[in-house]
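Presented below is the structure to which this report refers.
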Amino acid sequence: MSTFFTRTSRPLHRREFLRAGGAVLALPALQAMSPTFAAESKAKPVRRFVAIQTNMGILPQHFFPAEVGTAYKATPYLDLLKAHRDRFTVLSGVSHPDVDGAHEAERSFLSATPHPGSPAFKSTISLDQLAAEQLGPITRFGSLTLGVNPDGPQGMVFTRSGAKVPAEKSPSAVYRSLFLQGKPAAVEARIDELKRGRSLLDFVSDGAKRLDKQVNPADRARLDQYYTAVRQLEIQLQLTQEWEKKPKPKPTAAEPKDVADTRKLTERIDLMLDVARLAIESDSTRIVTLFINTFSIVPELPGVKDETHGLTHHGNRPEALDQLFKIESAQFKSLDKFLAKLHGTAEGGASLLDKTMVLYGTPMGSANSHANTNLPVLLAGGMLKHAGHLAFDRSKNAPLPNLYVTILQQLGLPLDRFASSTGTLRGLEPTAG
Amino acid sequence: MKRIIVLPALLAFFVVEAHAAELPLAKPTRQFLADYCTGCHNADDRAGRLNLDALLAKPMTAETEALWVRVHDRTRNGEMPPSKKARPPAPERDAALSDLAKSLKVEQLKVRAIEGRTAVRRLNRREIENTLRDLLELPGLNVLELLPEDGRAFGYDKSADALDVSAIQLAKYAEAIDVALSEAVAHWAVPPPSVVTRMYANEQYDFGIVIPNGDGVMLKDGKYDDSRFPLPDKDYAGGKYKGLHELEKSGVWKERPGTAGLFRSLGEAFSGRFNRYAPIYSGKYRITTSVWSFWWDRGEVKPAPRSGAAGIYYGGRVLGFFEAPSMTPKTHQWIAQLEPGQHLKFDPASLWEVHPYHHQGKAAKFVGPAVAIDFLEIEGPLIDEWPPASHKRLFGDMPLVPVAKLDANAVRPERVPPRQTTGAINSPNQLIPATVTSTQPAADAERLLKAFLPRAFRRPIVPAETARYTALVLQRLADGACFEDALKSAIKAALLSPDMLLIREPVGVLDDYALATRLSYFLWNSMPDDALTALASAGTLKEPVTLQAQTERMLGDPKADRFVQDFTDQWLDVRNFSKTTPDRRLYPEFQLYLAEAMRREPSRYFETILRENQPVEKLVRSDFTVVNQRLAEHYRLPGVVGPNFRRVALPGLSVRGGFLTMAATMKVTADGTTTSPVKRGAWVNAKLLGLPPQQPPPNIAAVEPDVRGTVTIREQLAKHRDNASCAGCHAKIDPPGFALESFDVLGGFRERYRSTGNQDAPNPEALFVSHLTPEGKFPGMHSIGFRNGPPVDASGTTPEGKAFQGIQEYRAMLASDSRTLARNLAEQWLVYATGAPCGFADRDEREKLLDRSGGDYRLRTLLLELIQSPLFRTR
């Protein structure tokens, strides 16, 4: 592959890779990019972000509490997370401006691109890809894109150029890319590639300097800018080359065994969340997304016999609502397990959950009516002053991209806008220190 | 994400070398300023935020120069001193102005002598894509979206100030080069064969969701095809699965290919994809489809009241809209450049987005228009020659050798077999990997580079340059690369170099190569072609006759469409077309088909008036426009059939004709809910008159428009008249905006505002001509969510004190000032073509250019004169 930056979790077909873009590097301060600077310091706590979308909706009557603030009475779904009550915030009255199209909204969940159902839809960059781009090569992988049943055109992760990043479906394959050393030949090939890239840039800047001799003073500033850009690119390649040579971390768990049966939804979700946790624990990446698709899935749970999407059009039939409750509860239990494991892992005086923001939500406020407003969303962890139930106006929703700006800032990025945001989210502040 | 713009101050830093000190002014001039100006414009009062005392002592920079120009202009116009203050006698004033003007010119020319009027800049992203396409002969190359957005300066992305060079720019550009080179080089001994695939809607997944649900039906011989299933007529309510559910489960609607007729356009839950095929190879494809329209009345197929339109899309873009005539299928065929991995889509684009499946009786009870598709066929890839022209641009006539036939120890290039990356059933062919080999690499590389580099660098090259790049090829070969990869490395280095990426011009009169480059990036948004380059190397391009002939040739070339499209997009802000979405309740008629039609009109009209050499007043008032059926319906112009754009004469009293009242320009000067006289007025002043208004003072609160219709926006802007300091600017900004209040956010003509309040109901038959029944009624299933608000008051008074009742009167006044319109257009072209506007010192030359263009300032004449003028021919 001859693009300059090749950070993928698995080898991709070249054309596919060129379209997907991998994790493209932006350029924060030069020093900040070095791997040694990735180490934690008092001034720069390490922060992570995990975004989980379950695409077939969450029954609002079992999710949103009636009361606002920290003293709310737990609803059935929130009760399943009660061990972490002080460590998450439930949002109501939020949605993405101009994102409609029922199921199509799942594509815009992380990008807030308007009108995903439009025939001429072109996605803008998703939150995780932007964060990875801005963080730079401080970890081996810029981001990890995971999925449970991510079929066909579905997905929520998009590069800057609007190309969808396909989700990794196999937990064991992810594990191997995190912990198994690459075959020496493959590593050598990638290092050669990077060396060639660097020598090409060397050649280019050498030629540019020759031009320099005849430069009009008015042109100098622009040419200087060009040299600087070339030099910065060379440094990025050098850093990427260093990652190739660094040995991979030692895993703290055995390689998982993939479960192929799509009916075993809970097991498949748990395996993916577990490997996500290993990735975070080993600092292989700081940005993880998980797309859970349950369209046409019949989960193997007691009392569930119908396919999820059909059930979501319940029309208030009790037997449909009952099955949905079971399916959605099982997913909340998986979320609870994930949060518990993060909370139970210590890192530098705090828990991994403190250092990780976990977003969990769905792109439809009511899957029954296909509404894309009043999205059920919660944010856990991440050194935030959690506010219990943070309620916004249900008839005039607050923009969910505002939460995304808060998340970007919590990751330490000096950004003040994302997509259609109007600021950060009111009512969710960072804790001191 | 915003890109960092190099501020003019950075460039101004180097300007200081040329200027020593403050602007030199004669004593009488200084006296004049003391007598009539600094009384208010001093350190304490700072009237209008100007401290003239300080300015007199400041060294000349870009900013202070701009301030002095304003001082000069406002004094010359008589705006300053203000009418309430002492007026200077005319001879004193003229003498001061003359001295000030002379001094400004001298100072500016000093800087010009060193730097020129324009600065070195990089190619912008569209120019990069076009240049790669033309350089490598890859007309279908798509790399635009890989490149980050550019900034804007003076309204365009053609200025040094707008185009920074950062590491991420270079990184993304490098990616684009890789994509381009990969497509350019032939990988196979023989090309993939061309295949014809004919598809039917009822065999595709998306249609399988909507047809059984009642949003469409299967047809045969122009009637409902009941050989498949009786017309479903039972409700779909929880628990009752009869009729329609049986249809869905039976699947008989998908047996046997057939014609599908749909009652709705694409949108929620329906993407219209033909998913059984996706191109595997990039290239040219021939697409054929047969479509027609009809009126559905509860089971009966009847003639439609008007022709419908079928949209055919590919991935996320529109390939075209095609006429679906009533009852008679029409076959359309065209060639498209397609990249692999997407699906074709069919959209009954002229239909409202209704959902019969929500309604009782579904298809059986539905009454409304429908569009039918008989088939969609795709043939390709269509390969004209092998190896392709793009390959020959890199490797000349060197033969392609199958990789299997190479020596055992020869290095092999990477060859990835093509794959079907979607779920489509067409599969790739077995292709024979091949590559170019060389027995004398140094000589071959040198020969190929000698041919390639001058085209890439847009100038002749010296042997030392070729030698450098050849050495790179040999270096790569020594490192173990194959010849193909080695040469590609050198080409990539060339494409990344500043010789390709930057446009560099010598100060003073441009040499022929620089002139060719400037001309082609103006009219083609790309590199010069071989013909233009040949004239440059013969040294004859600069001759006026040759220059004119080449301009004519280039304007007649299809590549000139890039100029037409890009210039109108940027000049009129049409590129912002999709930035706001009209409120669904207030503007239910806004759909993709109308949007695309609105978007196309400005460039089609501009192309026509330029080609026909129409007088400049046609910019704002015209007896014709260029529209298609949907846009004509939007404008209530009768008798236009079909989705193609064509010249249409306008009746005498029409408000249409010209950019002032065009739907697209009205849309980009409004938001999704309300229009703004201030925004529109500012647009007219900046874009048509060349008088961009000043920024408002800080701390002015925004106006919250009242959608319930109790107060009009005009009433809310009363302060602009009542408050003297507001009126200073708003007397100029608001009047055009008031005249344009007759046009809503979609550019539709209105006599009443649309509101969500409790007023009387609108008349949909008058508003929604596109969607009426054969009896001329508005269909029951469509709903209107708005009411008639207050009446529109489009009257106003110009700054010169002339009153107008509405748009007709205002427009006539605007159209009569041809010189101003022509001056502005020439300036806009100058910025677009050269990257910088007229400075103070250039005004004389600009006026001479206008004088030479004839009294009615015909557009083509004006353009030709601009190109001959020193403004274009000098840096």
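In the structure tokens, each chain is lettered A, B, ... as it comes, each chain's residues begin at 1, and ligands are numbered from 1 in order of appearance.
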
Chain B residues within 7 Å of chain A, counting only C-alpha atoms: which ones, as a ChimeraX atom specification? /B:11,14,115,119-120,145-146,165-168,175,178,238,266-269,271,316-318,493,496-498

Would you mind listing what lies within 12 Å of B:Asp817 as a list in words, with only C-alpha atoms counted and same-chain residues fewer than 4 positions away left out? Pro615, Val616, Glu617, Lys618, Leu619, Val620, Arg621, Leu688, Leu689, Tyr810, Arg811, Ala812, Met813, Leu821, Ala822, Arg823, Asn824, Gly855, Asp856 and Tyr857 of chain B

I want to know what sits within 8 Å of B:Ala731, based on only C-alpha atoms, with residues of the same chain fewer than 3 positions away left out; could you give that as an MDAnalysis selection string? chainID B and resid 720:721 727:728 734:735 798:799

Export of prior selection with all heavy atoms as a PDB file, in the first residue's frame:
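The resulting file, again10.pdb, is shown below:
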ATOM      1  N   HIS B 720     -33.954  50.258  11.383  1.00  0.00           N
ATOM      2  CA  HIS B 720     -33.013  50.626  10.324  1.00  0.00           C
ATOM      3  C   HIS B 720     -33.356  51.974   9.710  1.00  0.00           C
ATOM      4  O   HIS B 720     -32.522  52.656   9.143  1.00  0.00           O
ATOM      5  CB  HIS B 720     -33.004  49.556   9.225  1.00  0.00           C
ATOM      6  CG  HIS B 720     -32.354  48.282   9.652  1.00  0.00           C
ATOM      7  ND1 HIS B 720     -32.211  47.213   8.798  1.00  0.00           N
ATOM      8  CD2 HIS B 720     -31.813  47.903  10.826  1.00  0.00           C
ATOM      9  CE1 HIS B 720     -31.617  46.222   9.441  1.00  0.00           C
ATOM     10  NE2 HIS B 720     -31.360  46.611  10.665  1.00  0.00           N
ATOM     11  N   ARG B 721     -34.652  52.314   9.815  1.00  0.00           N
ATOM     12  CA  ARG B 721     -35.061  53.603   9.265  1.00  0.00           C
ATOM     13  C   ARG B 721     -35.026  54.668  10.359  1.00  0.00           C
ATOM     14  O   ARG B 721     -34.596  55.774  10.141  1.00  0.00           O
ATOM     15  CB  ARG B 721     -36.492  53.513   8.727  1.00  0.00           C
ATOM     16  CG  ARG B 721     -36.654  52.621   7.514  1.00  0.00           C
ATOM     17  CD  ARG B 721     -38.088  52.713   6.981  1.00  0.00           C
ATOM     18  NE  ARG B 721     -39.068  52.227   7.940  1.00  0.00           N
ATOM     19  CZ  ARG B 721     -39.334  50.944   8.150  1.00  0.00           C
ATOM     20  NH1 ARG B 721     -38.683  50.009   7.492  1.00  0.00           N
ATOM     21  NH2 ARG B 721     -40.236  50.578   9.040  1.00  0.00           N
ATOM     22  N   ALA B 727     -29.275  53.865   9.822  1.00  0.00           N
ATOM     23  CA  ALA B 727     -29.732  54.217   8.466  1.00  0.00           C
ATOM     24  C   ALA B 727     -28.561  54.485   7.535  1.00  0.00           C
ATOM     25  O   ALA B 727     -28.669  54.288   6.325  1.00  0.00           O
ATOM     26  CB  ALA B 727     -30.655  55.419   8.521  1.00  0.00           C
ATOM     27  N   GLY B 728     -27.434  54.930   8.106  1.00  0.00           N
ATOM     28  CA  GLY B 728     -26.267  55.218   7.267  1.00  0.00           C
ATOM     29  C   GLY B 728     -25.944  54.105   6.294  1.00  0.00           C
ATOM     30  O   GLY B 728     -25.762  54.320   5.107  1.00  0.00           O
ATOM     31  N   ASP B 734     -30.936  47.764   2.691  1.00  0.00           N
ATOM     32  CA  ASP B 734     -32.297  47.222   2.777  1.00  0.00           C
ATOM     33  C   ASP B 734     -33.151  47.322   1.510  1.00  0.00           C
ATOM     34  O   ASP B 734     -33.886  46.379   1.227  1.00  0.00           O
ATOM     35  CB  ASP B 734     -33.054  47.884   3.923  1.00  0.00           C
ATOM     36  CG  ASP B 734     -32.485  47.513   5.289  1.00  0.00           C
ATOM     37  OD1 ASP B 734     -31.482  46.782   5.330  1.00  0.00           O
ATOM     38  OD2 ASP B 734     -33.052  47.949   6.296  1.00  0.00           O
ATOM     39  N   PRO B 735     -33.123  48.440   0.767  1.00  0.00           N
ATOM     40  CA  PRO B 735     -34.105  48.567  -0.327  1.00  0.00           C
ATOM     41  C   PRO B 735     -34.150  47.368  -1.293  1.00  0.00           C
ATOM     42  O   PRO B 735     -35.237  46.884  -1.582  1.00  0.00           O
ATOM     43  CB  PRO B 735     -33.702  49.861  -1.031  1.00  0.00           C
ATOM     44  CG  PRO B 735     -33.065  50.680   0.042  1.00  0.00           C
ATOM     45  CD  PRO B 735     -32.347  49.691   0.912  1.00  0.00           C
ATOM     46  N   THR B 798     -34.783  53.983  -2.968  1.00  0.00           N
ATOM     47  CA  THR B 798     -33.343  53.793  -3.170  1.00  0.00           C
ATOM     48  C   THR B 798     -32.580  54.855  -2.393  1.00  0.00           C
ATOM     49  O   THR B 798     -33.150  55.859  -1.971  1.00  0.00           O
ATOM     50  CB  THR B 798     -32.975  53.912  -4.652  1.00  0.00           C
ATOM     51  OG1 THR B 798     -33.200  55.259  -5.069  1.00  0.00           O
ATOM     52  CG2 THR B 798     -33.796  52.959  -5.494  1.00  0.00           C
ATOM     53  N   PRO B 799     -31.275  54.662  -2.177  1.00  0.00           N
ATOM     54  CA  PRO B 799     -30.482  55.673  -1.469  1.00  0.00           C
ATOM     55  C   PRO B 799     -30.517  57.033  -2.175  1.00  0.00           C
ATOM     56  O   PRO B 799     -30.334  58.066  -1.559  1.00  0.00           O
ATOM     57  CB  PRO B 799     -29.056  55.113  -1.472  1.00  0.00           C
ATOM     58  CG  PRO B 799     -29.172  53.689  -1.848  1.00  0.00           C
ATOM     59  CD  PRO B 799     -30.473  53.481  -2.545  1.00  0.00           C
TER      60      PRO B 799
END

Could you state the separation of atom CA of A:Thr289 and atom CA of A:Leu127 in Å, given to one decimal place?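 Those two atoms sit 9.9 Å apart.
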
Would you mind listing what lies within 8 Å of B:Asp99 as a list in words, with only C-alpha atoms counted and same-chain residues fewer than 2 positions away left out? Leu25, Ala26, Thr29, Ala95, Ala96, Leu97, Ala101, Lys102 and Ser103 of chain B

From a backbone DSSP assignment, name each residue in stretch 130-324 of chain A labelled alpha helix (DSSP H), as JSON, numbers by chain. {"A": [130, 131, 132, 133, 134, 135, 171, 172, 173, 174, 175, 176, 177, 178, 179, 184, 185, 186, 187, 188, 189, 190, 191, 192, 193, 194, 195, 196, 197, 198, 199, 200, 201, 202, 203, 204, 205, 206, 207, 208, 209, 210, 211, 212, 220, 221, 222, 223, 224, 225, 226, 227, 228, 229, 230, 231, 232, 233, 234, 235, 236, 237, 238, 239, 240, 241, 242, 243, 244, 245, 265, 266, 267, 268, 269, 270, 271, 272, 273, 274, 275, 276, 277, 278, 279, 280, 281, 308, 309, 310, 311, 312, 318, 319, 320, 321, 322, 323, 324]}

One decimal, Å: what's the distance from atom CA of B:Cys37 over to atom CA of B:Lys732, could you say? 22.9 Å

Among stretch 582-684 of chain B, which residues does DSSP mark as strand (DSSP E or B) when it is run on the backbone? Keep the chain and numbering as in the structure and answer as a CSV table (one decimal) with all heavy atoms, in the first residue's frame.
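Final output, states.csv:
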chain,number,residue,atom,x,y,z
B,615,PRO,N,-26.2,41.8,-23.6
B,615,PRO,CA,-25.8,42.9,-22.9
B,615,PRO,C,-25.8,42.7,-21.4
B,615,PRO,O,-26.6,41.8,-20.9
B,615,PRO,CB,-26.8,44.0,-23.3
B,615,PRO,CG,-27.8,43.4,-24.1
B,615,PRO,CD,-27.4,42.0,-24.4
B,624,PHE,N,-35.9,36.2,-21.2
B,624,PHE,CA,-35.9,34.8,-21.4
B,624,PHE,C,-35.2,34.2,-20.2
B,624,PHE,O,-34.5,34.9,-19.4
B,624,PHE,CB,-35.2,34.3,-22.7
B,624,PHE,CG,-33.7,34.5,-22.6
B,624,PHE,CD1,-32.9,33.5,-22.2
B,624,PHE,CD2,-33.2,35.7,-23.0
B,624,PHE,CE1,-31.5,33.7,-22.2
B,624,PHE,CE2,-31.8,35.9,-23.0
B,624,PHE,CZ,-30.9,34.9,-22.6
B,625,THR,N,-35.4,32.9,-19.9
B,625,THR,CA,-34.5,32.3,-19.0
B,625,THR,C,-34.3,30.8,-19.4
B,625,THR,O,-34.7,30.5,-20.5
B,625,THR,CB,-35.1,32.3,-17.5
B,625,THR,OG1,-34.1,31.8,-16.6
B,625,THR,CG2,-36.3,31.5,-17.4
B,626,VAL,N,-33.6,30.0,-18.7
B,626,VAL,CA,-33.2,28.7,-19.1
B,626,VAL,C,-33.7,27.7,-18.0
B,626,VAL,O,-33.2,27.8,-16.9
B,626,VAL,CB,-31.7,28.5,-19.3
B,626,VAL,CG1,-31.4,27.1,-19.8
B,626,VAL,CG2,-31.2,29.6,-20.3
B,627,VAL,N,-34.8,27.0,-18.3
B,627,VAL,CA,-35.4,26.2,-17.2
B,627,VAL,C,-35.8,24.8,-17.8
B,627,VAL,O,-35.7,24.5,-19.0
B,627,VAL,CB,-36.7,26.8,-16.7
B,627,VAL,CG1,-36.4,28.1,-15.9
B,627,VAL,CG2,-37.7,27.1,-17.8
B,646,ARG,N,-33.8,24.2,-21.2
B,646,ARG,CA,-33.9,24.9,-22.5
B,646,ARG,C,-34.3,26.3,-22.4
B,646,ARG,O,-34.8,26.8,-21.3
B,646,ARG,CB,-34.8,24.1,-23.5
B,646,ARG,CG,-36.3,24.4,-23.4
B,646,ARG,CD,-37.0,24.0,-22.1
B,646,ARG,NE,-36.9,22.7,-21.7
B,646,ARG,CZ,-37.7,21.7,-22.0
B,646,ARG,NH1,-38.7,21.9,-22.8
B,646,ARG,NH2,-37.5,20.5,-21.6
B,647,ARG,N,-33.9,27.1,-23.4
B,647,ARG,CA,-34.2,28.6,-23.4
B,647,ARG,C,-35.7,28.8,-23.5
B,647,ARG,O,-36.3,28.2,-24.4
B,647,ARG,CB,-33.5,29.2,-24.6
B,647,ARG,CG,-33.2,30.6,-24.6
B,647,ARG,CD,-32.6,31.0,-25.9
B,647,ARG,NE,-32.0,32.3,-26.0
B,647,ARG,CZ,-32.7,33.4,-26.0
B,647,ARG,NH1,-34.0,33.4,-26.1
B,647,ARG,NH2,-32.0,34.6,-26.1
B,648,VAL,N,-36.3,29.6,-22.6
B,648,VAL,CA,-37.7,29.8,-22.6
B,648,VAL,C,-38.0,31.3,-22.6
B,648,VAL,O,-37.5,32.0,-21.8
B,648,VAL,CB,-38.4,29.1,-21.4
B,648,VAL,CG1,-39.8,29.5,-21.3
B,648,VAL,CG2,-38.3,27.6,-21.5
B,649,ALA,N,-38.8,31.8,-23.6
B,649,ALA,CA,-39.1,33.2,-23.6
B,649,ALA,C,-40.1,33.5,-22.5
B,649,ALA,O,-40.9,32.7,-22.2
B,649,ALA,CB,-39.7,33.5,-25.0
B,670,ALA,N,-31.6,33.2,1.9
B,670,ALA,CA,-32.6,33.0,2.9
B,670,ALA,C,-32.2,31.8,3.8
B,670,ALA,O,-31.3,31.1,3.4
B,670,ALA,CB,-34.0,32.7,2.3
B,675,THR,N,-37.1,34.7,5.0
B,675,THR,CA,-36.3,35.5,4.1
B,675,THR,C,-35.7,36.7,5.0
B,675,THR,O,-36.3,37.0,6.0
B,675,THR,CB,-37.0,36.1,2.9
B,675,THR,OG1,-38.2,36.8,3.4
B,675,THR,CG2,-37.6,34.9,2.1

When you look at A:Ala173 with a cut-off of 10 Å (counting only C-alpha atoms), what residues show up, excluding the ones that are within fewer than 2 positions of it in the same chain? I need them as a ChimeraX atom specification. /A:9-10,168-171,175-178,180,255-258,275

Keeping only C-alpha atoms, take the residues you just selected and write them out as a PDB file, in the first residue's frame.
ATOM      1  CA  SER A   9      -6.770  -3.185  12.346  1.00  0.00           C
ATOM      2  CA  ARG A  10      -6.571  -5.710   9.568  1.00  0.00           C
ATOM      3  CA  GLU A 168     -14.592  -5.464  12.230  1.00  0.00           C
ATOM      4  CA  LYS A 169     -16.939  -8.380  12.910  1.00  0.00           C
ATOM      5  CA  SER A 170     -14.604 -10.927  14.451  1.00  0.00           C
ATOM      6  CA  PRO A 171     -13.428 -10.459  18.047  1.00  0.00           C
ATOM      7  CA  TYR A 175      -7.458  -9.627  19.340  1.00  0.00           C
ATOM      8  CA  ARG A 176      -4.804 -10.909  16.949  1.00  0.00           C
ATOM      9  CA  SER A 177      -4.228  -7.483  15.453  1.00  0.00           C
ATOM     10  CA  LEU A 178      -3.829  -6.029  18.950  1.00  0.00           C
ATOM     11  CA  LEU A 180       0.048 -10.865  17.820  1.00  0.00           C
ATOM     12  CA  GLU A 255      -7.764 -15.078  22.520  1.00  0.00           C
ATOM     13  CA  PRO A 256     -11.581 -15.132  22.361  1.00  0.00           C
ATOM     14  CA  LYS A 257     -13.439 -17.721  20.336  1.00  0.00           C
ATOM     15  CA  ASP A 258     -15.879 -16.195  17.881  1.00  0.00           C
ATOM     16  CA  VAL A 275     -11.939  -7.091  23.232  1.00  0.00           C
TER      17      VAL A 275
END
